[in-house]
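A.B. asks: Provided below: coords21.txt, containing compact mmCIF, C-alpha atoms and all ligand atoms.
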```
# COMPACT_ATOMS: atom_id res chain seq x y z
CA MET A 1 0.00 0.00 0.00
CA LEU A 2 2.94 2.32 0.73
CA TRP A 3 4.38 1.77 -2.76
CA ILE A 4 1.00 2.23 -4.46
CA SER A 5 0.41 5.44 -2.50
CA ALA A 6 3.92 6.66 -3.35
CA ALA A 7 3.31 6.05 -7.09
CA VAL A 8 -0.03 7.90 -6.99
CA PHE A 9 1.63 10.76 -5.10
CA LEU A 10 4.43 11.03 -7.68
CA VAL A 11 1.99 11.11 -10.62
CA VAL A 12 -0.18 13.78 -8.96
CA ALA A 13 2.86 15.85 -7.95
CA GLY A 14 4.24 15.54 -11.52
CA LEU A 15 0.97 16.79 -13.03
CA LEU A 16 0.91 19.66 -10.54
CA VAL A 17 4.48 20.72 -11.41
CA ALA A 18 3.68 20.48 -15.15
CA SER A 19 0.59 22.67 -14.79
CA ILE A 20 2.44 25.26 -12.71
CA ARG A 21 5.17 25.48 -15.38
CA ARG A 22 2.63 25.75 -18.12
CA GLY A 23 0.74 28.43 -16.22
CA ALA A 24 3.97 30.43 -15.79
CA ARG A 25 4.84 30.04 -19.47
CA ASP A 26 1.40 31.10 -20.67
CA GLN A 27 1.02 33.97 -18.26
CA GLY A 28 -0.36 37.07 -19.96
CA ALA A 29 -1.02 35.25 -23.23
CA ASP A 30 -4.48 35.47 -24.66
CA LEU A 31 -5.36 31.82 -24.80
CA ASP A 32 -8.20 30.16 -26.55
CA ARG A 33 -8.97 26.90 -24.74
CA SER A 34 -11.98 25.93 -26.84
CA ASP A 35 -9.94 23.13 -28.48
CA ALA A 36 -9.09 21.45 -25.14
CA ARG A 37 -11.03 18.36 -26.17
CA TRP A 38 -9.42 16.07 -23.59
CA GLY A 39 -10.38 18.15 -20.59
CA GLU A 40 -13.53 16.38 -19.50
CA PRO A 41 -12.56 12.78 -20.31
CA PHE A 42 -9.27 13.38 -18.51
CA ILE A 43 -11.06 14.51 -15.35
CA VAL A 44 -13.39 11.49 -15.42
CA LEU A 45 -10.54 9.10 -16.10
CA SER A 46 -8.05 10.37 -13.53
CA GLY A 47 -10.62 11.48 -10.98
CA VAL A 48 -13.01 8.48 -11.04
CA VAL A 49 -11.87 5.50 -13.08
CA VAL A 50 -8.22 5.28 -12.02
CA PRO A 51 -8.89 5.88 -8.27
CA ALA A 52 -11.73 3.33 -8.37
CA ILE A 53 -9.44 0.68 -9.89
CA ILE A 54 -6.67 1.40 -7.38
CA LEU A 55 -8.95 1.52 -4.31
CA ILE A 56 -10.86 -1.63 -5.26
CA GLY A 57 -7.53 -3.40 -5.88
CA VAL A 58 -6.19 -2.33 -2.46
CA TYR A 59 -9.47 -3.36 -0.81
CA LEU A 60 -9.36 -6.87 -2.33
CA PHE A 61 -5.70 -7.18 -1.37
CA SER A 62 -6.40 -6.20 2.27
CA LEU A 63 -9.34 -8.65 2.42
CA GLY A 64 -6.85 -11.41 1.60
CA GLU A 65 -4.44 -10.14 4.24
CA MET A 66 -7.21 -9.97 6.84
CA ASN A 67 -8.15 -13.57 6.12
CA ALA A 68 -4.54 -14.66 6.49
CA LEU A 69 -4.36 -12.81 9.83
CA ARG A 70 -7.55 -14.44 11.06
CA GLU A 71 -6.31 -17.87 10.09
CA ALA A 72 -2.99 -17.31 11.84
CA GLY A 73 -4.92 -16.16 14.92
CA SER A 74 -7.20 -19.19 15.02
CA ASN A 75 -4.33 -21.60 14.58
CA PRO A 76 -1.32 -20.13 16.38
CA ALA A 77 2.03 -21.88 16.19
CA MET A 78 2.22 -21.49 19.93
CA THR A 79 0.13 -20.14 22.79
CA ILE A 80 1.44 -19.32 26.26
CA GLU A 81 -1.02 -18.75 29.09
CA ILE A 82 0.03 -15.74 31.13
CA SER A 83 -1.67 -15.37 34.49
CA ALA A 84 -1.07 -12.16 36.44
CA ARG A 85 -1.11 -12.17 40.26
CA ASP A 86 -0.38 -9.72 43.03
CA TRP A 87 2.53 -9.23 42.14
CA TRP A 88 4.08 -11.68 39.77
CA TRP A 89 3.50 -13.42 36.45
CA GLU A 90 2.93 -17.08 35.75
CA ALA A 91 3.57 -18.56 32.31
CA ARG A 92 2.08 -21.95 31.34
CA TYR A 93 3.07 -23.84 28.22
CA ALA A 94 1.01 -26.47 26.40
CA ASN A 95 3.42 -29.27 27.36
CA GLY A 96 2.97 -28.66 31.09
CA ALA A 97 5.98 -26.42 31.68
CA VAL A 98 5.28 -23.63 34.16
CA THR A 99 7.51 -20.74 35.06
CA ALA A 100 7.33 -17.39 36.82
CA ASN A 101 8.46 -13.90 35.84
CA GLU A 102 10.61 -15.26 33.01
CA ILE A 103 8.78 -16.02 29.79
CA HIS A 104 10.83 -17.89 27.22
CA ILE A 105 9.82 -17.62 23.56
CA PRO A 106 11.36 -18.86 20.31
CA THR A 107 12.71 -16.21 17.93
CA GLY A 108 11.27 -15.54 14.49
CA VAL A 109 7.72 -16.80 15.06
CA PRO A 110 4.64 -15.00 16.34
CA VAL A 111 3.72 -16.31 19.79
CA GLN A 112 0.18 -15.90 21.04
CA LEU A 113 -0.33 -14.91 24.67
CA ASP A 114 -3.56 -15.77 26.47
CA LEU A 115 -3.74 -13.19 29.28
CA THR A 116 -5.75 -13.67 32.46
CA THR A 117 -5.56 -12.49 36.05
CA ARG A 118 -6.26 -14.10 39.40
CA ASP A 119 -7.06 -10.89 41.23
CA VAL A 120 -7.16 -7.29 39.97
CA ILE A 121 -6.48 -5.68 36.59
CA HIS A 122 -2.85 -5.83 35.51
CA SER A 123 -1.34 -4.87 32.18
CA PHE A 124 1.25 -6.86 30.30
CA TRP A 125 3.86 -4.66 28.67
CA VAL A 126 7.14 -5.43 26.92
CA PRO A 127 8.02 -2.04 25.41
CA ARG A 128 10.54 -3.36 22.89
CA LEU A 129 8.17 -6.04 21.57
CA GLN A 130 4.57 -4.97 21.91
CA VAL A 131 2.03 -2.46 23.13
CA LYS A 132 0.33 -2.83 26.52
CA THR A 133 -2.50 -5.33 26.89
CA ASP A 134 -4.66 -5.55 30.01
CA ASN A 135 -5.19 -8.69 32.07
CA ILE A 136 -8.84 -8.38 33.09
CA PRO A 137 -10.62 -10.43 35.79
CA GLY A 138 -13.01 -13.02 34.34
CA ARG A 139 -11.77 -12.56 30.77
CA HIS A 140 -9.19 -13.82 28.34
CA THR A 141 -7.37 -11.20 26.31
CA PHE A 142 -5.07 -12.19 23.50
CA MET A 143 -1.96 -10.60 22.11
CA TRP A 144 0.99 -11.48 19.93
CA LEU A 145 4.69 -11.21 20.51
CA GLN A 146 7.50 -11.74 18.10
CA ALA A 147 11.19 -11.31 18.80
CA ASP A 148 13.39 -11.54 15.74
CA ARG A 149 16.64 -11.54 17.66
CA PRO A 150 17.60 -13.65 20.68
CA GLY A 151 17.92 -11.64 23.85
CA ARG A 152 16.31 -10.51 27.05
CA TYR A 153 13.44 -8.06 26.88
CA ARG A 154 12.29 -6.19 29.98
CA GLY A 155 8.61 -6.41 30.86
CA PHE A 156 6.46 -4.41 33.23
CA CYS A 157 3.03 -4.31 34.74
CA ALA A 158 1.53 -1.16 33.28
CA GLU A 159 -1.64 -0.88 35.36
CA PHE A 160 -1.50 0.19 38.99
CA CYS A 161 -2.38 -2.92 40.97
CA GLY A 162 -1.33 -2.30 44.55
CA LEU A 163 1.72 -1.99 46.79
CA GLN A 164 4.19 -3.86 44.60
CA HIS A 165 3.00 -2.68 41.21
CA THR A 166 6.41 -1.13 40.55
CA ASN A 167 8.16 -4.41 41.29
CA MET A 168 5.85 -6.51 39.12
CA ASN A 169 8.61 -6.93 36.56
CA PHE A 170 9.48 -9.80 34.30
CA TRP A 171 11.74 -10.78 31.46
CA VAL A 172 10.87 -12.15 28.06
CA ILE A 173 13.79 -14.35 27.06
CA ALA A 174 13.93 -14.99 23.31
CA GLN A 175 15.95 -18.01 22.25
CA THR A 176 16.66 -19.62 18.90
CA PRO A 177 14.01 -22.27 18.15
CA VAL A 178 16.47 -25.09 18.86
CA GLU A 179 17.54 -23.68 22.23
CA PHE A 180 13.94 -22.92 23.07
CA GLU A 181 12.83 -26.51 22.39
CA VAL A 182 15.55 -27.81 24.71
CA TRP A 183 14.49 -25.39 27.42
CA LEU A 184 10.78 -26.20 26.99
CA GLU A 185 11.40 -29.93 27.16
CA SER A 186 13.48 -29.63 30.34
CA GLN A 187 10.89 -27.39 32.00
CA SER A 188 8.05 -29.84 31.45
CA ALA A 189 9.86 -32.55 33.42
CA ALA A 190 9.02 -33.21 37.06
CA ALA A 191 11.68 -32.56 39.69
CA GLY A 192 14.11 -35.45 40.12
CA ASP A 193 15.08 -37.06 43.44
CA PRO A 194 17.37 -34.91 45.58
CA PRO A 195 20.97 -36.01 44.85
CA ASP A 196 22.39 -35.85 48.39
CA PRO A 197 21.26 -36.26 52.02
CA ASP A 198 21.25 -32.49 52.70
CA ALA A 199 18.96 -31.78 49.79
CA LEU A 200 16.79 -34.76 50.77
CA GLU A 201 16.50 -33.36 54.28
CA GLY A 202 15.62 -29.98 52.77
CA GLN A 203 12.93 -31.58 50.64
CA SER A 204 11.29 -33.19 53.64
CA ILE A 205 11.36 -29.87 55.55
CA PHE A 206 9.89 -28.08 52.54
CA LEU A 207 7.10 -30.64 52.11
CA THR A 208 6.09 -30.65 55.77
CA SER A 209 6.31 -26.88 56.33
CA SER A 210 3.98 -24.15 55.13
CA CYS A 211 6.08 -23.80 51.91
CA ALA A 212 4.22 -26.67 50.23
CA GLY A 213 0.86 -25.05 50.94
CA CYS A 214 1.59 -22.25 48.49
CA HIS A 215 4.16 -23.61 46.06
CA THR A 216 4.05 -26.49 43.61
CA ILE A 217 7.06 -28.68 42.93
CA ARG A 218 5.98 -31.17 40.28
CA GLY A 219 7.04 -34.70 41.19
CA THR A 220 6.50 -34.09 44.93
CA THR A 221 3.45 -33.66 47.13
CA ALA A 222 3.87 -29.87 47.11
CA ASP A 223 0.94 -28.60 45.05
CA GLY A 224 0.06 -25.13 46.36
CA ILE A 225 -1.06 -22.60 43.79
CA ALA A 226 -0.82 -19.31 45.67
CA GLY A 227 2.84 -18.79 44.82
CA PRO A 228 5.10 -19.55 41.87
CA ASP A 229 5.77 -23.12 40.68
CA LEU A 230 9.29 -23.90 41.92
CA THR A 231 9.91 -27.14 40.00
CA HIS A 232 12.79 -25.54 38.08
CA LEU A 233 13.56 -22.63 40.37
CA ALA A 234 17.34 -22.94 40.05
CA GLY A 235 17.12 -22.53 36.28
CA ARG A 236 15.75 -19.00 36.60
CA GLU A 237 17.83 -15.87 36.52
CA THR A 238 15.80 -13.82 38.96
CA LEU A 239 13.80 -14.23 42.16
CA ALA A 240 10.42 -12.57 42.55
CA GLY A 241 11.33 -10.25 39.69
CA VAL A 242 13.52 -8.16 41.99
CA LEU A 243 16.60 -10.21 43.00
CA PRO A 244 19.32 -12.14 41.20
CA ASN A 245 18.87 -15.88 41.70
CA THR A 246 21.80 -16.57 44.02
CA ARG A 247 21.87 -18.69 47.16
CA LYS A 248 22.53 -15.62 49.30
CA ALA A 249 19.59 -13.69 47.82
CA LEU A 250 17.30 -16.72 48.08
CA GLU A 251 18.24 -17.16 51.75
CA ARG A 252 17.53 -13.51 52.55
CA PHE A 253 14.28 -13.63 50.57
CA ILE A 254 12.95 -16.74 52.34
CA ARG A 255 13.95 -15.33 55.73
CA ASP A 256 12.25 -11.98 55.17
CA PRO A 257 10.28 -11.62 51.92
CA GLN A 258 8.51 -8.54 53.22
CA SER A 259 11.73 -6.52 53.24
CA PHE A 260 12.06 -7.03 49.47
CA LYS A 261 8.41 -6.85 48.45
CA PRO A 262 6.37 -5.32 51.29
CA GLY A 263 2.77 -6.48 51.14
CA LEU A 264 3.62 -9.78 49.42
CA ALA A 265 1.47 -12.75 50.43
CA MET A 266 4.55 -14.77 51.47
CA PRO A 267 5.19 -14.82 55.24
CA PRO A 268 8.69 -14.95 56.76
CA ALA A 269 9.93 -18.54 57.08
CA GLU A 270 9.85 -20.03 60.54
CA LEU A 271 12.90 -22.21 60.09
CA THR A 272 16.09 -22.59 62.10
CA HIS A 273 19.35 -21.67 60.42
CA THR A 274 20.18 -25.37 59.84
CA GLU A 275 16.73 -26.12 58.44
CA LEU A 276 16.93 -23.15 56.11
CA GLN A 277 20.34 -24.28 54.82
CA ALA A 278 18.88 -27.70 54.04
CA VAL A 279 15.92 -26.12 52.23
CA LEU A 280 18.38 -24.02 50.22
CA ASP A 281 20.35 -27.17 49.34
CA PHE A 282 17.10 -28.67 48.10
CA LEU A 283 15.94 -25.59 46.13
CA GLU A 284 19.34 -24.99 44.56
CA GLN A 285 19.33 -28.33 42.76
CA LEU A 286 15.91 -27.78 41.16
CA GLU A 287 17.29 -27.00 37.72
CU1 LIG B 301 0.26 -5.68 38.28
CU2 LIG B 301 0.58 -3.34 38.25
```
Can the structure from this file be put into structure tokens for me?
C.D. replies:
Amino acid sequence: MLWISAAVFLVVAGLLVASIRRGARDQGADLDRSDARWGEPFIVLSGVVVPAIILIGVYLFSLGEMNALREAGSNPAMTIEISARDWWWEARYANGAVTANEIHIPTGVPVQLDLTTRDVIHSFWVPRLQVKTDNIPGRHTFMWLQADRPGRYRGFCAEFCGLQHTNMNFWVIAQTPVEFEVWLESQSAAAGDPPDPDALEGQSIFLTSSCAGCHTIRGTTADGIAGPDLTHLAGRETLAGVLPNTRKALERFIRDPQSFKPGLAMPPAELTHTELQAVLDFLEQLE
């Protein structure tokens, strides 16, 4: 459409320039225009017939494009369910993989996002990839993302949703299709058995404490849904969208989550130092 418009513009501008020149040349001359036989047909042709052909052509072309868009929308290569919560993001993939605050996508293909919320209105926004789209209670809203280059794209919640709205950040991580497939496959797996006695001890503390009431670890009895799925926690780069995923940061976060995200639903852990170290041993091997 841009090229067609440009061609029309050039023709019209050319005619305008020609008529201005002719007007300047003929200025003052006593002209008899009674022999301008082509005047009327020219107006009808260039003012009605040619525009009609061009506009009808563009209309038919855009009908075809609209159909292609609708078909792509009804049969997406990939859909990720994004559920917003106070104050984090859950991403669910068709093969059972679940992650939080880090949404992996393959490069070069349009990915459909199915946006919902568990509580209030949030708004999903990745400035470098797409416009904002609201997550609205009781509804599904759909949007598309496409990243042509691998990389990390910052995401935000763009609708004020409470105390930690500002910290409701996430990353979209675009990977080449091959790398993405490997990641997706690994994320769908359940957690394996803890490899050493410390981690095993940590698992049993985790499963019998309040942790398991809110968090799911697939492959264990922990199946809470209030907080993020931790099955592959150690494979993530960030914690709660605000901290780097290191043992030190994880320890401080579990001990006092409220100091990092005041208002968060997670209470401080009531664990002894030794118990907490065992839980960390367990969580750190969940790759
Ligand atoms: Cu969620 Cu602002």
A.B. asks: Can you pull out every residue within 12 Å of Val8 (chain A), counting only C-alpha atoms, but drop anything in the same chain fewer than 3 positions away, and send it as a VMD selection string?
C.D. replies: chain A and resid 1 to 5 11 to 15 46 to 47 50 to 51 54 to 55
A.B. asks: Residues at most 10 Å from ligand LIG 301 (chain B), using only C-alpha atoms and all ligand atoms? Could they come as a PDB file with C-alpha atoms, keeping the file's coordinate frame?
C.D. replies:
```
ATOM      1  CA  ALA A  84      -1.070 -12.160  36.440  1.00  0.00           C
ATOM      2  CA  ARG A  85      -1.110 -12.170  40.260  1.00  0.00           C
ATOM      3  CA  ASP A  86      -0.380  -9.720  43.030  1.00  0.00           C
ATOM      4  CA  TRP A  87       2.530  -9.230  42.140  1.00  0.00           C
ATOM      5  CA  TRP A  88       4.080 -11.680  39.770  1.00  0.00           C
ATOM      6  CA  TRP A  89       3.500 -13.420  36.450  1.00  0.00           C
ATOM      7  CA  THR A 117      -5.560 -12.490  36.050  1.00  0.00           C
ATOM      8  CA  ASP A 119      -7.060 -10.890  41.230  1.00  0.00           C
ATOM      9  CA  VAL A 120      -7.160  -7.290  39.970  1.00  0.00           C
ATOM     10  CA  ILE A 121      -6.480  -5.680  36.590  1.00  0.00           C
ATOM     11  CA  HIS A 122      -2.850  -5.830  35.510  1.00  0.00           C
ATOM     12  CA  SER A 123      -1.340  -4.870  32.180  1.00  0.00           C
ATOM     13  CA  PHE A 124       1.250  -6.860  30.300  1.00  0.00           C
ATOM     14  CA  ASP A 134      -4.660  -5.550  30.010  1.00  0.00           C
ATOM     15  CA  ASN A 135      -5.190  -8.690  32.070  1.00  0.00           C
ATOM     16  CA  PHE A 156       6.460  -4.410  33.230  1.00  0.00           C
ATOM     17  CA  CYS A 157       3.030  -4.310  34.740  1.00  0.00           C
ATOM     18  CA  ALA A 158       1.530  -1.160  33.280  1.00  0.00           C
ATOM     19  CA  GLU A 159      -1.640  -0.880  35.360  1.00  0.00           C
ATOM     20  CA  PHE A 160      -1.500   0.190  38.990  1.00  0.00           C
ATOM     21  CA  CYS A 161      -2.380  -2.920  40.970  1.00  0.00           C
ATOM     22  CA  GLY A 162      -1.330  -2.300  44.550  1.00  0.00           C
ATOM     23  CA  LEU A 163       1.720  -1.990  46.790  1.00  0.00           C
ATOM     24  CA  GLN A 164       4.190  -3.860  44.600  1.00  0.00           C
ATOM     25  CA  HIS A 165       3.000  -2.680  41.210  1.00  0.00           C
ATOM     26  CA  THR A 166       6.410  -1.130  40.550  1.00  0.00           C
ATOM     27  CA  ASN A 167       8.160  -4.410  41.290  1.00  0.00           C
ATOM     28  CA  MET A 168       5.850  -6.510  39.120  1.00  0.00           C
ATOM     29  CA  ASN A 169       8.610  -6.930  36.560  1.00  0.00           C
TER      30      ASN A 169
END
```
A.B. asks: Could you give me, as a list of chain:residue names, the residues within 10 Å of Phe260 (chain A), counting only C-alpha atoms and dropping anything in the same chain fewer than 2 positions from it?
C.D. replies: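 Near Phe260 (chain A), the qualifying residues are A:Gln164, A:Asn167, A:Ala240, A:Val242, A:Leu243, A:Arg252, A:Phe253, A:Asp256, A:Pro257, A:Gln258, A:Pro262, A:Gly263, A:Leu264.
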A.B. asks: Hey, can you check how far CA of Arg118 (chain A) sits from CA of Pro137 (chain A)?
C.D. replies: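 These atoms are spaced 6.7 Å apart.
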A.B. asks: From the list A:Ala91, A:Leu63, A:Met143, A:Ala191, which residue is nearest Pro228 (chain A) when using only C-alpha atoms?
C.D. replies: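 Closest candidate: A:Ala91.
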A.B. asks: Mind listing as a list in words all residues within 7 Å of (12.8, -21.6, 20.2), counting only C-alpha atoms?
C.D. replies: Ile105, Pro106, Thr107, Gln175, Thr176, Pro177, Val178, Glu179, Phe180 and Glu181 of chain A
A.B. asks: Could you check the closest approach to Thr141 (chain A) for each of A:Arg154, A:Ser83, A:Ser74, A:Ile53 and tell me which residue wins, using all atoms listed in the file?
C.D. replies: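 Selected residue with least distance to Thr141 (chain A): A:Ser83.
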A.B. asks: The residues within 8 Å of (12.0, -27.7, 52.7), using only C-alpha atoms and the coordinates of the file, should be reported as a ChimeraX atom specification; which are they?
C.D. replies: /A:201-209,211,275-276,278-280,282-283
A.B. asks: Pick from A:Gln277, A:Gly96, A:Gly64, A:Leu239: nearest to Asp198 (chain A), with all atoms listed in the file counted?
C.D. replies: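 Checking each candidate against Asp198 (chain A), we get A:Gln277 as the closest.
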A.B. asks: Which centre and edge lengths in Å to one decimal define the box along x, y and z that fits every listed atom of region 112-131 of chain A plus 6 Å per side, as lines of an AutoDock Vina configuration file?
C.D. replies:
```
center_x = 1.7
center_y = -9.0
center_z = 31.1
size_x = 29.7
size_y = 25.9
size_z = 32.2
```
A.B. asks: Mind pulling up the distance from CA of Gly241 (chain A) to CA of Ser210 (chain A)?
C.D. replies: 22.0 Å
A.B. asks: Between CA of Gly235 (chain A) and CA of Gly192 (chain A), measure the distance and give it in Å to one decimal.
C.D. replies: 13.8 Å
A.B. asks: Calculated over all atoms listed in the file, which of the candidates A:Leu200, A:Val109, A:Ile56, A:Ala189 has the smallest distance to Ala174 (chain A)?
C.D. replies: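 That would be A:Val109, the residue with the smallest distance to Ala174 (chain A).
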A.B. asks: Choose the residue, out of A:Asn75, A:Thr99, A:Thr216, A:Thr116, that has the smallest atom-to-atom separation from Gly138 (chain A); count all atoms listed in the file.
C.D. replies: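 Answer, going by the shortest atom-to-atom distance: A:Thr116.
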A.B. asks: With all atoms listed in the file as the atoms that count, which of A:Ala6, A:Ile80, A:Leu113, A:Ala147 lies nearest to Val98 (chain A)?
C.D. replies: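 Of A:Ala6, A:Ile80, A:Leu113, A:Ala147, the one nearest Val98 (chain A) is A:Ile80, counting all atoms listed in the file.
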A.B. asks: With a distance cut-off of 9 Å and only C-alpha atoms, select the neighbouring residues of Asn245 (chain A), excluding the residue or stretch itself and same-chain residues fewer than 3 positions from it, and output the selection as a list in words.
C.D. replies: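 Here the answer would be Leu233, Ala234, Gly235, Arg236, Glu237, Thr238, Leu239, Lys248, Ala249 and Leu250 of chain A.
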A.B. asks: Rebuild N, CA and C atoms on region 150-162 of chain A, as an mmCIF file, in the coordinates of the input?
C.D. replies:
```
data_model
loop_
_atom_site.group_PDB
_atom_site.id
_atom_site.type_symbol
_atom_site.label_atom_id
_atom_site.label_comp_id
_atom_site.auth_asym_id
_atom_site.auth_seq_id
_atom_site.Cartn_x
_atom_site.Cartn_y
_atom_site.Cartn_z
ATOM 1 N N PRO A 150 17.516 -13.104 19.331
ATOM 2 C CA PRO A 150 17.600 -13.650 20.680
ATOM 3 C C PRO A 150 18.006 -12.543 21.656
ATOM 4 N N GLY A 151 17.537 -12.655 22.877
ATOM 5 C CA GLY A 151 17.920 -11.640 23.850
ATOM 6 C C GLY A 151 16.929 -11.602 24.994
ATOM 7 N N ARG A 152 17.183 -10.672 25.894
ATOM 8 C CA ARG A 152 16.310 -10.510 27.050
ATOM 9 C C ARG A 152 15.574 -9.186 26.919
ATOM 10 N N TYR A 153 14.264 -9.244 27.048
ATOM 11 C CA TYR A 153 13.440 -8.060 26.880
ATOM 12 C C TYR A 153 12.715 -7.781 28.194
ATOM 13 N N ARG A 154 12.871 -6.562 28.700
ATOM 14 C CA ARG A 154 12.290 -6.190 29.980
ATOM 15 C C ARG A 154 10.780 -6.041 29.863
ATOM 16 N N GLY A 155 10.064 -6.558 30.853
ATOM 17 C CA GLY A 155 8.610 -6.410 30.860
ATOM 18 C C GLY A 155 8.142 -5.774 32.153
ATOM 19 N N PHE A 156 7.005 -5.120 32.083
ATOM 20 C CA PHE A 156 6.460 -4.410 33.230
ATOM 21 C C PHE A 156 4.972 -4.665 33.370
ATOM 22 N N CYS A 157 4.471 -4.432 34.579
ATOM 23 C CA CYS A 157 3.030 -4.310 34.740
ATOM 24 C C CYS A 157 2.720 -2.837 34.541
ATOM 25 N N ALA A 158 1.781 -2.545 33.644
ATOM 26 C CA ALA A 158 1.530 -1.160 33.280
ATOM 27 C C ALA A 158 0.194 -0.639 33.795
ATOM 28 N N GLU A 159 -0.361 -1.346 34.800
ATOM 29 C CA GLU A 159 -1.640 -0.880 35.360
ATOM 30 C C GLU A 159 -1.487 -0.942 36.874
ATOM 31 N N PHE A 160 -1.715 0.178 37.543
ATOM 32 C CA PHE A 160 -1.500 0.190 38.990
ATOM 33 C C PHE A 160 -2.346 -0.879 39.670
ATOM 34 N N CYS A 161 -1.672 -1.752 40.438
ATOM 35 C CA CYS A 161 -2.380 -2.920 40.970
ATOM 36 C C CYS A 161 -2.111 -3.128 42.452
ATOM 37 N N GLY A 162 -1.535 -2.143 43.114
ATOM 38 C CA GLY A 162 -1.330 -2.300 44.550
ATOM 39 C C GLY A 162 0.108 -1.993 44.932
#
```
